[in-house]
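File shown: target-v9.txt (compact mmCIF, C-alpha atoms and all ligand atoms).
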# COMPACT_ATOMS: atom_id res chain seq x y z
CA MET G 195 0.00 0.00 0.00
CA SER G 196 1.35 3.45 -0.87
CA GLU G 197 2.17 5.86 1.93
CA ARG G 198 -0.77 8.01 3.01
CA LYS G 199 -0.11 11.68 3.58
CA LEU G 200 -2.33 14.67 4.31
CA LYS G 201 -1.58 18.39 4.26
CA LEU G 202 -3.26 20.75 6.69
CA LEU G 203 -3.16 24.54 6.50
CA HIS G 204 -3.50 26.12 9.93
CA MET G 205 -4.59 29.72 9.46
CA TYR G 206 -3.58 32.27 12.12
CA PRO G 207 -2.36 29.70 14.67
CA ASN G 208 -1.02 32.42 16.99
CA VAL G 209 -4.10 34.67 16.78
CA LEU G 210 -7.04 32.27 16.63
CA ASP G 211 -6.29 29.91 19.49
CA LEU G 212 -8.97 30.30 22.15
CA TYR G 213 -9.18 27.56 24.78
CA GLY G 214 -6.44 25.56 23.12
CA ASP G 215 -8.11 25.37 19.71
CA SER G 216 -4.71 24.50 18.24
CA GLY G 217 -5.11 21.20 20.05
CA ASN G 218 -7.38 20.15 17.18
CA VAL G 219 -4.33 20.02 14.93
CA GLU G 220 -2.51 17.89 17.51
CA VAL G 221 -5.44 15.46 17.70
CA LEU G 222 -5.52 15.12 13.91
CA ARG G 223 -1.76 14.60 13.82
CA TYR G 224 -1.91 11.96 16.56
CA ARG G 225 -4.82 10.05 15.05
CA CYS G 226 -3.15 10.10 11.63
CA ALA G 227 0.17 8.91 13.07
CA GLN G 228 -1.56 5.98 14.82
CA ARG G 229 -2.59 4.78 11.34
CA GLY G 230 0.78 5.44 9.71
CA ILE G 231 -0.55 8.56 7.95
CA THR G 232 1.73 11.59 7.88
CA LEU G 233 0.02 14.90 8.60
CA GLU G 234 2.08 17.78 7.25
CA VAL G 235 1.10 21.07 8.89
CA TYR G 236 1.57 24.42 7.10
CA GLN G 237 0.77 27.81 8.55
CA HIS G 238 -0.70 30.99 7.17
CA LEU G 239 0.27 33.90 9.41
CA MET G 240 -1.30 37.34 9.60
CA ASN G 241 0.41 39.97 7.44
CA LYS G 242 2.98 37.47 6.14
CA PRO G 243 2.02 37.03 2.50
CA ASP G 244 2.75 33.56 1.14
CA ASN G 245 2.16 31.83 -2.15
CA THR G 246 0.63 28.69 -0.72
CA ASP G 247 -1.89 27.17 -3.09
CA PHE G 248 -4.72 26.45 -0.65
CA SER G 249 -6.18 23.91 -3.09
CA ASP G 250 -3.03 21.88 -2.66
CA MET G 251 -4.08 21.29 0.97
CA ASP G 252 -6.38 18.55 2.21
CA ILE G 253 -7.68 20.37 5.28
CA ILE G 254 -7.89 24.10 6.09
CA TYR G 255 -8.31 24.96 9.75
CA LEU G 256 -9.25 28.17 11.57
CA GLY G 257 -9.69 28.38 15.35
CA GLY G 258 -11.61 30.90 17.41
CA GLY G 259 -10.72 34.34 18.72
CA ALA G 260 -12.03 37.34 20.57
CA ASP G 261 -13.60 40.29 18.74
CA TYR G 262 -10.29 42.17 18.90
CA GLU G 263 -8.38 39.40 17.12
CA GLN G 264 -11.13 39.02 14.53
CA GLN G 265 -10.85 42.76 13.73
CA LEU G 266 -7.06 42.47 13.49
CA LEU G 267 -7.00 39.71 10.93
CA ALA G 268 -10.06 40.62 8.87
CA ASP G 269 -8.08 42.34 6.07
CA ASP G 270 -5.56 39.55 5.83
CA LEU G 271 -8.33 36.97 5.67
CA MET G 272 -10.01 38.95 2.90
CA SER G 273 -6.75 38.86 0.95
CA CYS G 274 -7.02 35.05 1.02
CA LYS G 275 -10.63 35.04 -0.21
CA ASP G 276 -10.00 33.77 -3.75
CA ARG G 277 -7.69 30.99 -2.57
CA ILE G 278 -10.20 29.85 0.08
CA PHE G 279 -13.08 29.89 -2.42
CA LYS G 280 -11.03 27.86 -4.87
CA ALA G 281 -10.03 25.36 -2.19
CA TYR G 282 -13.69 24.98 -1.22
CA GLU G 283 -14.60 24.34 -4.87
CA ASN G 284 -11.81 21.78 -4.96
CA LYS G 285 -13.38 20.00 -1.98
CA VAL G 286 -10.63 20.76 0.51
CA PHE G 287 -12.05 20.02 3.98
CA LEU G 288 -12.80 23.22 5.93
CA LEU G 289 -12.85 23.10 9.74
CA MET G 290 -13.66 26.34 11.54
CA ILE G 291 -14.24 27.11 15.18
CA CYS G 292 -16.23 30.02 16.60
CA GLY G 293 -14.46 33.23 15.43
CA GLY G 294 -13.30 31.39 12.30
CA TYR G 295 -16.83 30.07 11.73
CA GLN G 296 -18.25 33.60 11.94
CA LEU G 297 -15.77 35.12 9.48
CA LEU G 298 -16.57 32.68 6.66
CA GLY G 299 -20.16 33.93 6.68
CA LYS G 300 -21.42 37.26 5.35
CA TYR G 301 -20.37 39.42 8.29
CA TYR G 302 -19.86 39.61 12.03
CA LYS G 303 -21.24 42.64 13.87
CA ASP G 304 -19.18 42.58 17.05
CA SER G 305 -19.93 43.65 20.61
CA ASN G 306 -18.75 47.22 19.82
CA GLY G 307 -21.33 47.38 17.05
CA GLU G 308 -18.57 47.23 14.41
CA ARG G 309 -19.29 45.26 11.31
CA ILE G 310 -16.44 42.98 10.26
CA PRO G 311 -16.98 41.81 6.69
CA GLY G 312 -16.84 38.04 6.31
CA LEU G 313 -15.72 36.15 3.22
CA GLY G 314 -19.32 35.35 2.30
CA LEU G 315 -18.46 31.79 1.37
CA PHE G 316 -21.60 30.79 3.31
CA SER G 317 -24.82 32.74 3.61
CA TYR G 318 -25.20 32.94 7.40
CA HIS G 319 -24.32 36.07 9.37
CA THR G 320 -23.58 36.86 13.00
CA GLU G 321 -24.44 39.73 15.31
CA ALA G 322 -23.44 40.21 18.95
CA SER G 323 -25.23 42.30 21.54
CA THR G 324 -23.40 45.47 22.58
CA ASN G 325 -23.97 44.34 26.16
CA LYS G 326 -20.64 42.55 26.60
CA ARG G 327 -22.03 40.39 29.39
CA ASP G 328 -24.63 38.96 27.08
CA ARG G 329 -22.75 35.83 26.03
CA CYS G 330 -23.49 32.14 25.58
CA ILE G 331 -21.04 30.39 27.89
CA GLY G 332 -20.85 26.81 29.10
CA ASN G 333 -20.69 23.16 28.16
CA ILE G 334 -22.63 22.14 25.11
CA ILE G 335 -23.72 18.91 23.47
CA VAL G 336 -24.83 18.74 19.89
CA GLU G 337 -26.18 15.74 18.04
CA THR G 338 -24.92 15.46 14.50
CA GLU G 339 -24.84 12.73 11.88
CA LEU G 340 -21.59 11.24 10.63
CA VAL G 341 -21.95 8.99 7.59
CA GLY G 342 -25.53 8.18 8.47
CA LYS G 343 -24.86 7.57 12.18
CA LYS G 344 -25.92 9.87 15.00
CA TYR G 345 -23.00 11.19 17.09
CA LYS G 346 -23.05 13.38 20.18
CA VAL G 347 -20.46 16.14 19.93
CA ILE G 348 -19.26 17.53 23.26
CA GLY G 349 -17.64 20.93 23.71
CA PHE G 350 -17.53 24.29 25.41
CA GLU G 351 -19.02 27.47 23.97
CA ASN G 352 -18.24 31.11 24.75
CA HIS G 353 -19.59 33.56 22.22
CA GLY G 354 -21.48 36.82 22.09
CA GLY G 355 -22.24 36.35 18.40
CA GLN G 356 -25.67 35.03 17.42
CA THR G 357 -25.55 33.30 14.05
CA THR G 358 -28.65 33.20 11.90
CA ASP G 359 -29.68 32.25 8.38
CA VAL G 360 -27.86 28.93 8.71
CA LYS G 361 -29.07 26.67 5.91
CA THR G 362 -27.56 23.37 7.02
CA PRO G 363 -26.66 23.34 10.72
CA PHE G 364 -23.99 21.04 12.12
CA GLY G 365 -26.39 19.52 14.63
CA LYS G 366 -29.23 19.69 17.08
CA VAL G 367 -28.54 21.18 20.52
CA LEU G 368 -29.13 18.70 23.35
CA HIS G 369 -27.54 20.87 26.05
CA GLY G 370 -26.33 24.49 25.86
CA ASN G 371 -27.13 27.30 23.44
CA GLY G 372 -25.78 26.82 19.93
CA ASN G 373 -26.06 29.31 17.09
CA VAL G 374 -28.29 31.60 19.16
CA ARG G 375 -29.15 31.82 22.85
CA SER G 376 -31.30 28.81 23.84
CA GLY G 377 -31.13 27.74 20.21
CA GLU G 378 -32.17 24.46 18.70
CA THR G 379 -29.34 24.11 16.24
CA GLU G 380 -25.59 24.61 16.25
CA GLY G 381 -22.94 25.35 13.66
CA TYR G 382 -22.96 24.91 9.92
CA CYS G 383 -21.97 21.90 7.87
CA GLU G 384 -21.69 20.32 4.49
CA GLU G 385 -20.07 17.00 3.62
CA ARG G 386 -16.62 18.62 3.70
CA VAL G 387 -17.28 21.64 5.91
CA ILE G 388 -17.65 21.77 9.67
CA ALA G 389 -18.12 25.17 11.28
CA THR G 390 -18.97 25.14 14.97
CA TYR G 391 -18.91 27.17 18.18
CA LEU G 392 -17.42 24.23 20.06
CA HIS G 393 -14.07 24.70 21.75
CA GLY G 394 -12.64 22.05 23.98
CA PRO G 395 -10.61 21.59 21.86
CA LEU G 396 -13.36 20.09 19.74
CA LEU G 397 -11.58 16.98 18.49
CA SER G 398 -10.08 15.74 21.76
CA LYS G 399 -13.55 15.05 23.16
CA ASN G 400 -14.93 13.79 19.86
CA PRO G 401 -12.50 11.30 18.32
CA GLN G 402 -14.98 10.03 15.73
CA LEU G 403 -15.35 13.53 14.39
CA ALA G 404 -11.58 13.72 13.94
CA ASP G 405 -11.65 10.40 12.08
CA TYR G 406 -14.50 11.62 9.88
CA ILE G 407 -12.36 14.59 8.79
CA ILE G 408 -9.31 12.40 8.16
CA SER G 409 -11.22 9.88 6.08
CA LYS G 410 -13.03 12.55 4.05
CA ALA G 411 -9.67 14.17 3.29
CA LEU G 412 -8.20 10.82 2.21
CA GLU G 413 -11.27 10.07 0.11
CA ARG G 414 -10.80 13.29 -1.86
CA GLN G 415 -7.27 12.17 -2.76
CA GLY G 416 -8.63 8.87 -4.00
CA ALA G 417 -6.56 7.20 -1.28
CA ASP G 418 -7.71 4.35 0.95
CA SER G 419 -9.94 6.14 3.46
CA THR G 420 -10.42 3.28 5.90
CA LEU G 421 -9.04 3.93 9.37
CA ALA G 422 -8.13 1.07 11.67
CA PRO G 423 -9.64 1.44 15.16
CA ILE G 424 -7.26 2.78 17.80
CA ASN G 425 -7.33 2.66 21.58
CA ASP G 426 -9.90 5.28 22.60
CA LYS G 427 -10.62 3.89 26.06
CA LEU G 428 -9.77 7.10 27.88
CA GLU G 429 -11.63 9.27 25.39
CA GLU G 430 -14.70 7.05 25.62
CA ALA G 431 -14.62 7.03 29.43
CA CYS G 432 -14.41 10.83 29.41
CA ARG G 433 -17.31 11.08 26.95
CA LYS G 434 -19.46 8.74 28.99
CA GLU G 435 -18.87 10.79 32.13
CA LEU G 436 -19.62 14.12 30.42
CA LEU G 437 -22.70 12.86 28.59
CA THR G 438 -24.14 11.41 31.80
CA ARG G 439 -23.37 14.53 33.78
CA LEU G 440 -24.69 17.03 31.26
CA LEU G 441 -27.66 15.21 29.82
CA SER G 442 -29.15 14.08 33.10
CA LYS G 443 -29.78 17.71 34.15
N1 LIG L 1 -15.59 36.99 19.31
C1 LIG L 1 -16.61 36.10 18.90
C2 LIG L 1 -17.82 36.12 19.81
O1 LIG L 1 -17.72 36.52 20.94
C3 LIG L 1 -16.03 34.71 18.78
C4 LIG L 1 -15.61 34.15 20.11
C5 LIG L 1 -14.92 32.82 20.04
O2 LIG L 1 -14.20 32.50 19.06
N2 LIG L 1 -15.04 32.05 21.12
O3 LIG L 1 -18.89 35.73 19.37
Rewrite the coordinates I just gave you, this time as structure tokens.
Ligand code: GLN
Amino acid sequence: MSERKLKLLHMYPNVLDLYGDSGNVEVLRYRCAQRGITLEVYQHLMNKPDNTDFSDMDIIYLGGGADYEQQLLADDLMSCKDRIFKAYENKVFLLMICGGYQLLGKYYKDSNGERIPGLGLFSYHTEASTNKRDRCIGNIIVETELVGKKYKVIGFENHGGQTTDVKTPFGKVLHGNGNVRSGETEGYCEERVIATYLHGPLLSKNPQLADYIISKALERQGADSTLAPINDKLEEACRKELLTRLLSK
């Protein structure tokens, strides 16, 4: 069997890294390595122009950030618009958390009332209250579907932004808020797009979600996308504990 290799572009790793969001890259790297797959990680840094062809990547990843950081990087992100659109058309997997999720929509009106233009790749938009205490904070559980199977995604949310006009949400909220306060749905998704408010980092608590991303990325290459099971005893014990604790309330 030929060697399997994936390329991941981590955008703004030093700016969009709330609650250890960069840990998602570590989880992907670890779960790839366990299957003998090499995950090569590239970075796109703010105000450091590069010629990376984003379509040459298999996964593009953006973490979350506070309003201030989102303002800071908005222009740089806009300068990447064409490359991100092209990568999306070329079926590169897009994973975005919170602040990154918001900026791929039409716009984010932040808690100062300032409108940060988004890339408009997706048609949702986000507005935050100018009351800075008005935030959705806490543990959250969302039920999504991964290749026809229901899966409970566990995470932590902390956002002022309320996202509406979401055509295809990531999942149904079982505990917590989601796209809007006391909402019924959370995030946005397509077969090769996951945009979510869940920090945690997301993938450490949800190993099957990490594997879904890895196999979708391999599938696009035409490579063997089967992933041998690995020892997830600790992860599963943690999930069981959290699901019992949070869903029994
Ligand atoms: N600043 C945005 C908000 O408050 C995103 C926050 C985040 O990434 N956690 O809605």
Nearest candidate to Gln264 in chain G (options G:Glu197, G:Glu283, G:Glu378, G:Glu308; using only C-alpha atoms):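 The closest residue to Gln264 in chain G is G:Glu308.
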Name the closest residue to Leu202 in chain G among the candidates G:Asn371, G:Ala260, G:Gly342, G:Leu412; distances are taken between atoms, counting only C-alpha atoms.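 Of all the options, G:Leu412 lies closest to Leu202 in chain G.
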Residues at most 8 Å from Ile291 in chain G, counting only C-alpha atoms, excluding those fewer than 5 positions away in the same chain, as a PyMOL selection string? chain G and resi 215+256-258+389-393
Selection within 6 Å of ligand LIG 1 (chain L) by only C-alpha atoms and all ligand atoms, output as a ChimeraX atom specification: /G:258-261,292-293,352-355
Starting from the point (-5.0, 35.0, 5.6), work out which residues of protein, DNA or RNA have an atom no more than 9 Å away when counting only C-alpha atoms; state them as a compact mmCIF listing (two decimals) with C-alpha atoms, keeping the file's coordinate frame.
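The resulting file, point07.txt, is reproduced below:
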# COMPACT_ATOMS: atom_id res chain seq x y z
CA MET G 205 -4.59 29.72 9.46
CA TYR G 206 -3.58 32.27 12.12
CA HIS G 238 -0.70 30.99 7.17
CA LEU G 239 0.27 33.90 9.41
CA MET G 240 -1.30 37.34 9.60
CA ASN G 241 0.41 39.97 7.44
CA LYS G 242 2.98 37.47 6.14
CA PRO G 243 2.02 37.03 2.50
CA LEU G 267 -7.00 39.71 10.93
CA ALA G 268 -10.06 40.62 8.87
CA ASP G 269 -8.08 42.34 6.07
CA ASP G 270 -5.56 39.55 5.83
CA LEU G 271 -8.33 36.97 5.67
CA MET G 272 -10.01 38.95 2.90
CA SER G 273 -6.75 38.86 0.95
CA CYS G 274 -7.02 35.05 1.02
CA LYS G 275 -10.63 35.04 -0.21
